[in-house]
Each structure stands twice: as structure tokens, then as C-alpha cells.
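Below is upload14.txt, which holds compact mmCIF, C-alpha atoms.
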```
# COMPACT_ATOMS: atom_id res chain seq x y z
CA MET A 1 -9.63 -20.39 -5.78
CA ASP A 2 -7.65 -17.28 -6.58
CA PRO A 3 -9.42 -13.97 -7.25
CA ILE A 4 -9.04 -14.38 -10.99
CA GLY A 5 -10.10 -18.02 -11.13
CA ALA A 6 -12.84 -19.24 -13.41
CA PRO A 7 -16.31 -18.96 -11.94
CA PRO A 8 -16.85 -22.02 -9.74
CA GLY A 9 -19.78 -24.38 -9.95
CA PRO A 10 -22.70 -24.09 -7.53
CA LEU A 11 -21.62 -22.17 -4.46
CA THR A 12 -21.62 -23.90 -1.12
CA PRO A 13 -21.06 -22.47 2.35
CA THR A 14 -17.47 -22.33 3.56
CA VAL A 15 -18.33 -22.38 7.22
CA GLY A 16 -20.85 -24.67 8.81
CA LEU A 17 -18.91 -27.71 7.61
CA ARG A 18 -17.86 -28.70 11.10
CA PRO A 19 -17.76 -32.41 11.74
CA PRO A 20 -21.02 -33.60 13.29
CA GLU A 21 -21.02 -33.13 17.06
CA ARG A 22 -22.84 -35.03 19.75
CA SER A 23 -25.85 -32.97 20.69
CA ASP A 24 -24.51 -32.17 24.16
CA ALA A 25 -21.23 -30.97 22.62
CA ALA A 26 -23.17 -28.79 20.19
CA ARG A 27 -25.26 -27.37 23.03
CA ASN A 28 -22.11 -26.72 25.02
CA ARG A 29 -20.53 -24.90 22.09
CA GLU A 30 -23.66 -22.84 21.60
CA LEU A 31 -23.70 -21.93 25.30
CA LEU A 32 -20.08 -20.79 25.19
CA LEU A 33 -20.57 -18.64 22.08
CA THR A 34 -23.84 -17.13 23.23
CA THR A 35 -22.37 -16.28 26.62
CA ALA A 36 -19.24 -14.81 25.02
CA ARG A 37 -21.41 -12.59 22.81
CA ARG A 38 -23.40 -11.44 25.82
CA LEU A 39 -20.25 -10.63 27.81
CA ILE A 40 -18.75 -8.73 24.86
CA GLU A 41 -21.95 -6.74 24.37
CA GLY A 42 -22.03 -5.90 28.06
CA ASP A 43 -18.45 -5.06 28.91
CA GLY A 44 -16.57 -4.79 25.61
CA ILE A 45 -14.22 -7.23 24.00
CA GLU A 46 -11.16 -6.15 25.99
CA SER A 47 -12.83 -7.29 29.20
CA LEU A 48 -13.52 -10.81 27.98
CA THR A 49 -11.15 -13.29 29.60
CA MET A 50 -11.16 -17.05 29.29
CA ASP A 51 -11.49 -17.21 33.08
CA GLY A 52 -14.49 -14.90 33.03
CA LEU A 53 -16.16 -16.85 30.24
CA ALA A 54 -15.54 -20.17 32.02
CA ALA A 55 -17.04 -18.80 35.23
CA ALA A 56 -20.07 -17.36 33.43
CA CYS A 57 -20.72 -20.71 31.72
CA GLY A 58 -20.03 -22.83 34.79
CA VAL A 59 -17.32 -24.86 33.02
CA GLY A 60 -13.58 -25.25 33.52
CA LYS A 61 -11.21 -23.01 31.58
CA GLY A 62 -9.70 -26.15 30.02
CA THR A 63 -13.02 -26.86 28.31
CA ILE A 64 -12.88 -23.51 26.52
CA PHE A 65 -9.26 -23.92 25.47
CA ARG A 66 -9.88 -27.44 24.20
CA ARG A 67 -12.78 -26.15 22.17
CA PHE A 68 -11.32 -22.95 20.70
CA GLY A 69 -7.56 -23.22 21.15
CA SER A 70 -7.05 -19.62 22.21
CA ARG A 71 -8.77 -16.32 22.84
CA ALA A 72 -8.22 -15.48 19.14
CA GLY A 73 -9.74 -18.86 18.24
CA LEU A 74 -12.81 -18.00 20.28
CA PHE A 75 -13.15 -14.68 18.43
CA GLN A 76 -12.75 -16.47 15.12
CA ALA A 77 -15.50 -18.93 16.09
CA LEU A 78 -17.79 -16.00 16.86
CA VAL A 79 -17.05 -14.41 13.48
CA ASP A 80 -17.56 -17.77 11.75
CA ASP A 81 -20.91 -18.04 13.47
CA SER A 82 -22.21 -14.80 11.98
CA GLU A 83 -20.52 -15.55 8.64
CA ARG A 84 -22.48 -18.82 8.60
CA SER A 85 -25.81 -16.96 8.91
CA PHE A 86 -24.70 -14.46 6.30
CA GLN A 87 -23.73 -17.20 3.84
CA ALA A 88 -26.99 -19.03 4.44
CA GLY A 89 -28.76 -15.74 3.78
CA PHE A 90 -27.18 -14.97 0.43
CA LEU A 91 -27.01 -18.58 -0.82
CA SER A 92 -30.44 -19.83 0.15
CA GLY A 93 -32.31 -17.26 2.24
CA PRO A 94 -35.32 -15.20 1.21
CA PRO A 95 -35.01 -12.50 -1.50
CA PRO A 96 -33.72 -9.93 -2.10
CA LEU A 97 -30.54 -11.27 -0.44
CA GLY A 98 -31.24 -14.85 -1.46
CA PRO A 99 -32.36 -16.36 -4.77
CA GLY A 100 -35.51 -15.06 -6.42
CA ALA A 101 -34.75 -11.35 -6.74
CA PRO A 102 -33.14 -9.72 -9.81
CA PRO A 103 -29.33 -10.00 -9.62
CA ILE A 104 -28.71 -6.29 -9.08
CA GLU A 105 -31.21 -6.22 -6.20
CA ARG A 106 -29.41 -9.21 -4.70
CA LEU A 107 -26.07 -7.45 -5.07
CA VAL A 108 -27.41 -4.30 -3.40
CA ALA A 109 -28.80 -6.44 -0.58
CA PHE A 110 -25.52 -8.36 -0.30
CA GLY A 111 -23.50 -5.23 0.38
CA ARG A 112 -26.07 -3.76 2.74
CA GLU A 113 -26.36 -6.97 4.72
CA ARG A 114 -22.59 -7.41 4.90
CA LEU A 115 -22.16 -3.86 6.19
CA ARG A 116 -25.02 -4.35 8.65
CA THR A 117 -23.42 -7.55 9.94
CA ALA A 118 -20.04 -5.83 10.24
CA ALA A 119 -21.56 -2.85 12.04
CA GLY A 120 -22.87 -5.15 14.75
CA GLN A 121 -19.47 -6.65 15.53
CA ILE A 122 -16.70 -4.23 14.66
CA PRO A 123 -14.61 -4.85 17.82
CA LEU A 124 -14.92 -8.59 17.24
CA LEU A 125 -13.88 -8.32 13.59
CA ARG A 126 -10.83 -6.33 14.63
CA ALA A 127 -9.86 -8.80 17.34
CA ALA A 128 -10.31 -11.78 15.01
CA GLU A 129 -8.51 -10.22 12.03
CA ARG A 130 -5.97 -12.51 10.45
CA PRO A 131 -2.47 -11.35 9.52
CA ALA A 132 -2.52 -9.12 6.44
CA ALA A 133 -0.65 -11.69 4.36
CA GLU A 134 -3.57 -14.11 4.77
CA ARG A 135 -6.26 -11.55 3.94
CA TYR A 136 -7.09 -13.01 0.55
CA ALA A 137 -6.67 -16.66 1.51
CA VAL A 138 -9.88 -16.86 3.51
CA PRO A 139 -12.44 -19.29 1.98
CA ALA A 140 -15.32 -17.04 3.04
CA ARG A 141 -13.79 -14.22 1.01
CA HIS A 142 -13.51 -16.41 -2.09
CA LEU A 143 -17.14 -17.42 -1.70
CA ALA A 144 -18.22 -13.77 -1.43
CA ALA A 145 -16.15 -12.86 -4.52
CA ALA A 146 -17.61 -15.79 -6.48
CA HIS A 147 -21.12 -14.77 -5.46
CA ILE A 148 -20.54 -11.18 -6.61
CA ARG A 149 -19.03 -12.38 -9.91
CA GLY A 150 -22.02 -14.62 -10.48
CA LEU A 151 -24.50 -11.80 -9.86
CA LEU A 152 -22.56 -9.39 -12.11
CA ALA A 153 -22.64 -12.00 -14.87
CA GLN A 154 -26.35 -12.71 -14.42
CA ALA A 155 -27.06 -8.99 -14.56
CA GLY A 156 -25.12 -8.75 -17.82
CA VAL A 157 -22.76 -6.15 -16.36
CA GLU A 158 -20.06 -5.26 -18.85
CA GLY A 159 -16.42 -5.36 -17.89
CA ASP A 160 -14.07 -7.74 -16.13
CA ALA A 161 -16.33 -9.45 -13.58
CA PRO A 162 -13.56 -10.96 -11.40
CA ALA A 163 -11.73 -7.62 -11.18
CA LEU A 164 -14.97 -5.74 -10.49
CA ALA A 165 -15.85 -8.29 -7.80
CA PHE A 166 -12.46 -7.70 -6.21
CA ASP A 167 -13.05 -3.94 -6.27
CA LEU A 168 -16.53 -4.21 -4.80
CA LEU A 169 -15.41 -6.51 -2.02
CA ALA A 170 -12.59 -4.10 -1.19
CA ILE A 171 -15.24 -1.47 -0.46
CA LEU A 172 -17.10 -3.75 1.95
CA ASP A 173 -13.88 -4.84 3.67
CA SER A 174 -12.66 -1.31 4.19
CA VAL A 175 -14.99 -0.37 7.04
CA VAL A 176 -13.53 -2.57 9.77
CA TRP A 177 -10.82 -0.10 10.80
CA LEU A 178 -12.76 3.13 10.34
CA PRO A 179 -12.17 5.22 13.46
CA ASP A 180 -14.95 4.69 16.00
CA GLU A 181 -16.03 8.32 15.82
CA ASP A 182 -16.68 7.95 12.07
CA LEU A 183 -18.33 4.54 12.08
CA THR A 184 -21.87 5.53 13.01
CA VAL A 185 -21.98 8.32 10.47
CA MET A 186 -20.11 6.56 7.70
CA LEU A 187 -21.62 3.07 7.65
CA PRO A 188 -25.06 4.11 6.35
CA ARG A 189 -23.38 6.40 3.83
CA ILE A 190 -21.07 3.63 2.65
CA ALA A 191 -24.10 1.34 2.29
CA ASP A 192 -25.83 3.98 0.16
CA SER A 193 -22.73 4.58 -1.94
CA TRP A 194 -22.40 0.80 -2.41
CA GLU A 195 -25.90 0.76 -3.87
CA HIS A 196 -25.09 3.81 -6.00
CA ILE A 197 -21.98 2.19 -7.50
CA VAL A 198 -23.68 -1.18 -8.07
CA ARG A 199 -26.62 0.43 -9.89
CA ARG A 200 -24.25 2.52 -12.00
CA LEU A 201 -22.43 -0.62 -13.08
CA ALA A 202 -25.67 -2.27 -14.20
CA MET B 1 -9.70 15.84 8.59
CA ASP B 2 -12.07 12.89 8.99
CA PRO B 3 -13.39 11.06 5.93
CA ILE B 4 -16.71 12.88 6.16
CA GLY B 5 -15.26 16.33 6.73
CA ALA B 6 -16.16 19.30 4.59
CA PRO B 7 -14.04 19.65 1.46
CA PRO B 8 -10.83 21.41 2.44
CA GLY B 9 -9.43 24.51 0.81
CA PRO B 10 -6.64 24.29 -1.75
CA LEU B 11 -4.84 20.99 -1.37
CA THR B 12 -1.22 20.99 -0.32
CA PRO B 13 1.27 18.13 -0.15
CA THR B 14 1.37 16.19 3.13
CA VAL B 15 4.91 15.00 2.70
CA GLY B 16 7.78 17.13 1.60
CA LEU B 17 7.26 19.48 4.52
CA ARG B 18 10.47 18.43 6.22
CA PRO B 19 12.31 21.19 8.02
CA PRO B 20 15.01 22.68 5.79
CA GLU B 21 18.23 20.68 5.93
CA ARG B 22 21.79 21.76 5.39
CA SER B 23 22.72 20.74 1.89
CA ASP B 24 25.20 18.09 3.06
CA ALA B 25 22.53 16.58 5.32
CA ALA B 26 20.10 16.52 2.40
CA ARG B 27 22.71 14.87 0.16
CA ASN B 28 23.42 12.35 2.88
CA ARG B 29 19.74 11.53 3.24
CA GLU B 30 19.39 11.14 -0.51
CA LEU B 31 22.41 8.82 -0.61
CA LEU B 32 20.95 6.62 2.14
CA LEU B 33 17.54 6.35 0.47
CA THR B 34 18.92 5.77 -3.02
CA THR B 35 21.26 3.08 -1.74
CA ALA B 36 18.48 1.43 0.27
CA ARG B 37 16.31 1.31 -2.85
CA ARG B 38 19.12 -0.23 -4.85
CA LEU B 39 19.80 -2.88 -2.20
CA ILE B 40 16.09 -3.72 -1.94
CA GLU B 41 15.78 -4.04 -5.71
CA GLY B 42 18.81 -6.28 -5.81
CA ASP B 43 18.35 -8.61 -2.88
CA GLY B 44 14.82 -8.10 -1.62
CA ILE B 45 13.59 -6.22 1.37
CA GLU B 46 14.19 -9.05 3.85
CA SER B 47 17.93 -8.90 3.14
CA LEU B 48 18.22 -5.21 3.93
CA THR B 49 19.91 -4.69 7.29
CA MET B 50 20.96 -1.44 8.87
CA ASP B 51 24.53 -2.80 9.02
CA GLY B 52 24.45 -3.63 5.33
CA LEU B 53 23.09 -0.22 4.41
CA ALA B 54 25.67 1.54 6.59
CA ALA B 55 28.49 -0.42 4.95
CA ALA B 56 27.16 0.24 1.44
CA CYS B 57 26.98 3.97 2.15
CA GLY B 58 30.28 4.16 3.99
CA VAL B 59 28.70 5.64 7.12
CA GLY B 60 28.27 4.39 10.67
CA LYS B 61 25.12 2.53 11.65
CA GLY B 62 24.40 5.27 14.22
CA THR B 63 24.00 7.78 11.39
CA ILE B 64 21.20 5.72 9.90
CA PHE B 65 19.45 5.21 13.22
CA ARG B 66 19.71 8.92 14.07
CA ARG B 67 18.19 9.75 10.71
CA PHE B 68 15.36 7.19 10.49
CA GLY B 69 14.88 5.91 14.02
CA SER B 70 14.44 2.27 13.03
CA ARG B 71 14.29 -0.12 10.10
CA ALA B 72 10.53 0.56 9.88
CA GLY B 73 11.31 4.29 9.90
CA LEU B 74 13.65 3.82 6.96
CA PHE B 75 10.94 1.97 5.04
CA GLN B 76 8.46 4.71 5.88
CA ALA B 77 10.92 7.33 4.57
CA LEU B 78 11.19 5.39 1.30
CA VAL B 79 7.41 5.24 0.97
CA ASP B 80 7.15 8.96 1.80
CA ASP B 81 9.66 9.63 -0.93
CA SER B 82 7.53 8.04 -3.63
CA GLU B 83 4.34 9.49 -2.10
CA ARG B 84 5.96 12.91 -2.46
CA SER B 85 6.43 12.43 -6.21
CA PHE B 86 2.91 11.05 -6.53
CA GLN B 87 1.43 14.05 -4.70
CA ALA B 88 3.45 16.47 -6.79
CA GLY B 89 2.14 14.64 -9.84
CA PHE B 90 -1.56 14.89 -9.05
CA LEU B 91 -1.44 18.35 -7.45
CA SER B 92 0.73 20.19 -9.91
CA GLY B 93 2.18 17.83 -12.51
CA PRO B 94 1.29 17.63 -16.19
CA PRO B 95 -2.17 16.44 -17.31
CA PRO B 96 -3.96 14.07 -17.30
CA LEU B 97 -2.80 13.37 -13.73
CA GLY B 98 -2.26 17.03 -12.90
CA PRO B 99 -4.42 20.10 -13.55
CA GLY B 100 -5.58 20.83 -17.09
CA ALA B 101 -7.37 17.62 -18.02
CA PRO B 102 -11.12 17.01 -17.53
CA PRO B 103 -11.83 15.80 -13.97
CA ILE B 104 -12.82 12.27 -14.96
CA GLU B 105 -9.62 11.87 -16.98
CA ARG B 106 -7.66 13.07 -13.95
CA LEU B 107 -9.46 10.57 -11.74
CA VAL B 108 -8.74 7.73 -14.15
CA ALA B 109 -5.09 8.78 -14.24
CA PHE B 110 -4.98 9.11 -10.45
CA GLY B 111 -6.01 5.49 -9.92
CA ARG B 112 -3.76 4.17 -12.65
CA GLU B 113 -0.75 6.10 -11.36
CA ARG B 114 -1.39 5.05 -7.77
CA LEU B 115 -1.60 1.40 -8.78
CA ARG B 116 1.52 1.77 -10.93
CA THR B 117 3.41 3.30 -8.02
CA ALA B 118 2.21 0.55 -5.69
CA ALA B 119 3.18 -2.15 -8.18
CA GLY B 120 6.76 -0.92 -8.13
CA GLN B 121 7.13 -1.23 -4.37
CA ILE B 122 4.77 -3.85 -2.98
CA PRO B 123 7.30 -5.43 -0.56
CA LEU B 124 8.18 -1.97 0.71
CA LEU B 125 4.54 -0.98 1.20
CA ARG B 126 3.99 -4.17 3.18
CA ALA B 127 7.05 -3.61 5.36
CA ALA B 128 6.11 0.02 6.02
CA GLU B 129 2.44 -0.66 6.72
CA ARG B 130 1.19 1.04 9.85
CA PRO B 131 -0.95 -0.77 12.43
CA ALA B 132 -4.48 -1.31 11.17
CA ALA B 133 -5.94 1.05 13.76
CA GLU B 134 -3.97 3.93 12.21
CA ARG B 135 -4.94 3.10 8.62
CA TYR B 136 -7.26 6.06 8.21
CA ALA B 137 -5.22 8.55 10.24
CA VAL B 138 -2.52 9.01 7.58
CA PRO B 139 -2.38 12.58 6.19
CA ALA B 140 -1.50 11.27 2.73
CA ARG B 141 -4.72 9.26 2.73
CA HIS B 142 -6.79 12.31 3.65
CA LEU B 143 -5.16 14.26 0.85
CA ALA B 144 -5.93 11.50 -1.65
CA ALA B 145 -9.56 11.33 -0.45
CA ALA B 146 -9.92 15.11 -0.69
CA HIS B 147 -8.46 15.08 -4.19
CA ILE B 148 -10.93 12.38 -5.29
CA ARG B 149 -13.86 14.25 -3.70
CA GLY B 150 -12.82 17.41 -5.49
CA LEU B 151 -12.64 15.68 -8.87
CA LEU B 152 -16.00 13.95 -8.36
CA ALA B 153 -17.54 17.34 -7.54
CA GLN B 154 -15.93 19.03 -10.54
CA ALA B 155 -17.21 16.26 -12.78
CA GLY B 156 -20.72 16.77 -11.45
CA VAL B 157 -20.92 13.16 -10.29
CA GLU B 158 -24.16 12.53 -8.43
CA GLY B 159 -24.19 10.91 -5.03
CA ASP B 160 -22.35 11.30 -1.76
CA ALA B 161 -18.88 12.43 -2.84
CA PRO B 162 -17.08 11.77 0.49
CA ALA B 163 -18.54 8.25 0.72
CA LEU B 164 -17.76 7.54 -2.94
CA ALA B 165 -14.21 8.82 -2.42
CA PHE B 166 -13.85 6.45 0.52
CA ASP B 167 -15.08 3.56 -1.63
CA LEU B 168 -12.78 4.38 -4.52
CA LEU B 169 -9.75 4.72 -2.28
CA ALA B 170 -10.58 1.35 -0.71
CA ILE B 171 -10.18 -0.20 -4.15
CA LEU B 172 -6.72 1.32 -4.64
CA ASP B 173 -5.61 0.35 -1.13
CA SER B 174 -6.70 -3.24 -1.51
CA VAL B 175 -3.89 -4.40 -3.76
CA VAL B 176 -1.03 -4.27 -1.28
CA TRP B 177 -1.67 -7.72 0.19
CA LEU B 178 -2.72 -9.53 -2.97
CA PRO B 179 -0.82 -12.82 -3.07
CA ASP B 180 2.36 -12.47 -5.12
CA GLU B 181 1.18 -15.03 -7.66
CA ASP B 182 -1.89 -12.88 -8.42
CA LEU B 183 -0.24 -9.46 -8.44
CA THR B 184 1.13 -9.44 -11.96
CA VAL B 185 -2.11 -10.62 -13.48
CA MET B 186 -4.46 -8.65 -11.28
CA LEU B 187 -2.87 -5.19 -11.15
CA PRO B 188 -3.55 -4.28 -14.80
CA ARG B 189 -7.06 -5.69 -14.49
CA ILE B 190 -7.72 -3.70 -11.33
CA ALA B 191 -6.46 -0.58 -13.10
CA ASP B 192 -8.88 -1.25 -15.97
CA SER B 193 -11.75 -1.94 -13.61
CA TRP B 194 -10.93 1.28 -11.74
CA GLU B 195 -11.35 3.17 -15.00
CA HIS B 196 -14.54 1.26 -15.76
CA ILE B 197 -16.12 2.15 -12.40
CA VAL B 198 -14.99 5.80 -12.53
CA ARG B 199 -16.46 6.27 -16.01
CA ARG B 200 -19.70 4.61 -14.97
CA LEU B 201 -20.03 7.03 -12.07
CA ALA B 202 -19.65 10.04 -14.36
```
Produce C-alpha cells that represent the structure in this file.
Amino acid sequence: MDPIGAPPGPLTPTVGLRPPERSDAARNRELLLTTARRLIEGDGIESLTMDGLAAACGVGKGTIFRRFGSRAGLFQALVDDSERSFQAGFLSGPPPLGPGAPPIERLVAFGRERLRTAAGQIPLLRAAERPAAERYAVPARHLAAAHIRGLLAQAGVEGDAPALAFDLLAILDSVVWLPDEDLTVMLPRIADSWEHIVRRLA
Amino acid sequence: MDPIGAPPGPLTPTVGLRPPERSDAARNRELLLTTARRLIEGDGIESLTMDGLAAACGVGKGTIFRRFGSRAGLFQALVDDSERSFQAGFLSGPPPLGPGAPPIERLVAFGRERLRTAAGQIPLLRAAERPAAERYAVPARHLAAAHIRGLLAQAGVEGDAPALAFDLLAILDSVVWLPDEDLTVMLPRIADSWEHIVRRLA
């Protein structure tokens, strides 16, 4: 699954493959994640403690650690949660993000939706960021690259599709550490310039 | 100097502005950096110690610490050194990288030269990498973005030049953490896809 690998077969989600849970365990997990999101939205990510989350959910702190391993593990679970919706959206959701729209429209929608998702959780993405050396080893990243490659090929875009997919994904990844004072102004402009570049490639 | 700022006036180098040094101090600095490069090329960056560098240069370890502050500071000085040549190249060197070539040719050359420079010092770039939160606060990055914006404007490229410059720079920055096994194959392909995208924008 390296960035230059041959196009894979049908794409399947890389998150959402958790082992089946008992329904009360699933509900419990959902409660913890929903509450964590609410606390982060209210007070910022720095204020979220495992103690505070446990108290807000009415469970013991041990329950949270058993479930997520660590504070970083909790953040990763939150990111996985939104990645799961995003993947469902581009693999099987309604057009133009999902199947049914022309490939270039899907690619435009892919970048816009990814930036929109990122915009809603920048502090979380920063807190959950993996070490730089693992940046390209993330299955979700390979899936996104494969999806872009597939759309470029369907659209008949000339050029080296895997390298172009790498380039395009680099653009979408680059926003996470934009200084806060630039984020609001830059994100819509980066979304527009994404569309501009994608349409120029077509 | 934020990424959306107005185009600056004439561009000037961001490194190379060190206070004047006595000539023996400058020679000493040059000796330390040249020797460090040689040791890194020979044995890899992990093997470079301040003790080893001091011994190889025939100076005391204190001299190196006074000069560079820390091992990370030494790495940063080495990166600055090659950034200085790169900046001299695109600001005032021979075409097509420097003035005199058509703007799109300069932009193609800019990306290719930046990737070539990176390719020659990937372990160093990794070791010298600043914390993610400072990624966009580096003067050299602002200069590169301003240079790209200027070339896009000169070439009459449509669209939002500051946002496009941000996107294009994201592509060039993305190679540093490519897994080693992909680097050799991917770098020439990313250089070609850089050219492909730049020409499509024009």
C-alpha cells in the first residue's frame, strides 16, 4: 500500500472495522465520544481531562482508559469517528461526493468536504497527530490517495496519477498547522484553489 | 508576513543576514559545518555527536555549543546553509531558476531545485524540523511563498495567487517524511508532477 502502488481493487473503508460490540458497549462508547466532543467544543481541547470526561459521563476513569488507552487514544478515536463518516461519504454517499457524479465533480467535492471536516476539528487533529515518521503509514491516507488516483484515471487526466494524487493530498493535509489567525480566512480560499487546480488538471 | 499578506516589495534573502564575523570566526564556522556534513554523509546523522565533531575538528566541545547552542542548532545551521544557496539561486542566480527566464520556467525550476536540494539532505531536514506549530512561521517559507506568488502573477495565472502559492509549497514540503523505501522512486515523479501541475495552471 505504498504511494506508488498499483491501483487497488474496490475501495473499502479503513475505519469502522472494529470488532462487533455488545450493544451496551457500543452505546457506552458513543456516550463517551459524544460527551468528549461536547466538552471540547465548550471548553477547548486543553481543558479535557480523563477525570472530567469520566465525571461528565458518570463512569469511572478506568472505564475510559480501558476503552481508549490514553488521552491521545481518545483523540484518535474521535478523529477516526469523523474519518469514518467521511469515508462513507466518498465511497458510498450521495453525489457529488459519492458515486454518481462525474469524476472531476467528485474530486472537487472530496477536497472541499475534507477541508470542511478538518475545519471543524483543527485542535483535535493537532492533538491526535501521529509522529511525522508515521505520516504516510496511515491506512486512511492510503485510501484517500487510492480514491484520488481512481478519480483522476476515470476523468482521463493525463500525467502520473499516483504522483498527482500524492501532490493533491499534500495540499489537503497542509492546513492542519496553519496559524489560528489565518485559518478562517485561508480555508475557504484553499478550498477554492483546490477546485481551481483540479479543474485545470482535467 | 502571513500567507495571505499583500505581495511584498523586492524579495531579499532570509538567511545569510548573520552579523559580520571576524574572518577567523567565519573560517572556524565553515570548518565545523563542512566537517559535520562530511561526518553525516559518511556515518549517518544518528552517529553525529558533538564530541565526535569536536574531535574531528580539533576544537573543544564548548566551542561547538557556543556556536550552535545544541545539536538541533547545528542541524538548523546546516539547513540554513543550503537554504542560503537555494535562495541565492532563485533570487539572483542564472536562469531558469534565477531572473531572465519566463516565469513559468522559473517556477518549474524552483520546484525541481527545491526537491533536488531536499533529496540530498532528507535525514538532516528531518532532524532539523521545527515543531509543527511553527511550520508556517519560518521566514524562508514566507520568502518561498512570496517568490511563487510573484511568478504566478508575472505569468498571468488566473486564480487566487496566495492560495495557489500555499498549495504549491505544500507539495514541495510533503516529501520530507516519505518513507525511505519510496523516496528514490517518488522524488523524480513528484518533480515531474510538479512541472505538470505548474504548466496546467499557466
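Interatomic distance, CA of Pro99 (chain A) against CA of Arg116 (chain A): 19.4 Å.
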Expected residue set, 7 Å radius at (-2.5, 15.6, -3.1), all atoms listed in the file, as an NGL selection string: :B and (11-13 or 87 or 90-91 or 143-144 or 147)
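Residue list for chain B within 7 Å of chain A: Ala132, Ala133, Tyr136, Asp160, Ala163, Leu164, Asp167, Ala170, Ile171, Ser174, Trp177, Leu178, Arg189, Ile190, Ser193, Ile197, Arg200 and Leu201 of chain B, counting only C-alpha atoms.
Between CA of Leu152 (chain A) and CA of Arg130 (chain A) lies a distance of 28.2 Å.
Interatomic distance, CA of Ala36 (chain B) to CA of Leu124 (chain B): 10.9 Å.
Each of B:Thr49, B:Ile104, B:Cys57, B:Val79 was checked against Leu31 (chain B) using all atoms listed in the file; the smallest atom-to-atom distance is that of B:Cys57.
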#### Entry: Spatial neighbours of Gly98 (chain A), 12 Å, all atoms listed in the file, chain gap at least 2 places, as a ChimeraX atom specification
/A:85-96,100-110,113,147,151
In terms of only C-alpha atoms, the residue from A:Ala140, A:Ile64, A:Ile45, A:Ala155 at minimal distance from Leu125 (chain A) is A:Ile45
Listed atoms of region 186-199 of chain A boxed axis-aligned with 8 Å per side, centre + edges as AutoDock Vina command-line options:
```
--center_x -23.4 --center_y 2.7 --center_z -1.1 --size_x 22.5 --size_y 23.7 --size_z 33.6
```
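If you measure from each of B:Ala145, B:Ile40, B:Leu78, B:Ala127 to Gly111 (chain B) using only C-alpha atoms, the closest one turns out to be B:Ala145.
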May I have the residues within 10 Å of Ser82 (chain B) as a compact mmCIF listing (two decimals) with C-alpha atoms, in the coordinates of the input, using only C-alpha atoms and disregarding those fewer than 5 positions away in the same chain?
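Contents of the output file part36.txt:
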```txt
# COMPACT_ATOMS: atom_id res chain seq x y z
CA VAL B 15 4.91 15.00 2.70
CA ALA B 77 10.92 7.33 4.57
CA GLN B 87 1.43 14.05 -4.70
CA ALA B 88 3.45 16.47 -6.79
CA THR B 117 3.41 3.30 -8.02
CA ALA B 118 2.21 0.55 -5.69
CA GLN B 121 7.13 -1.23 -4.37
```
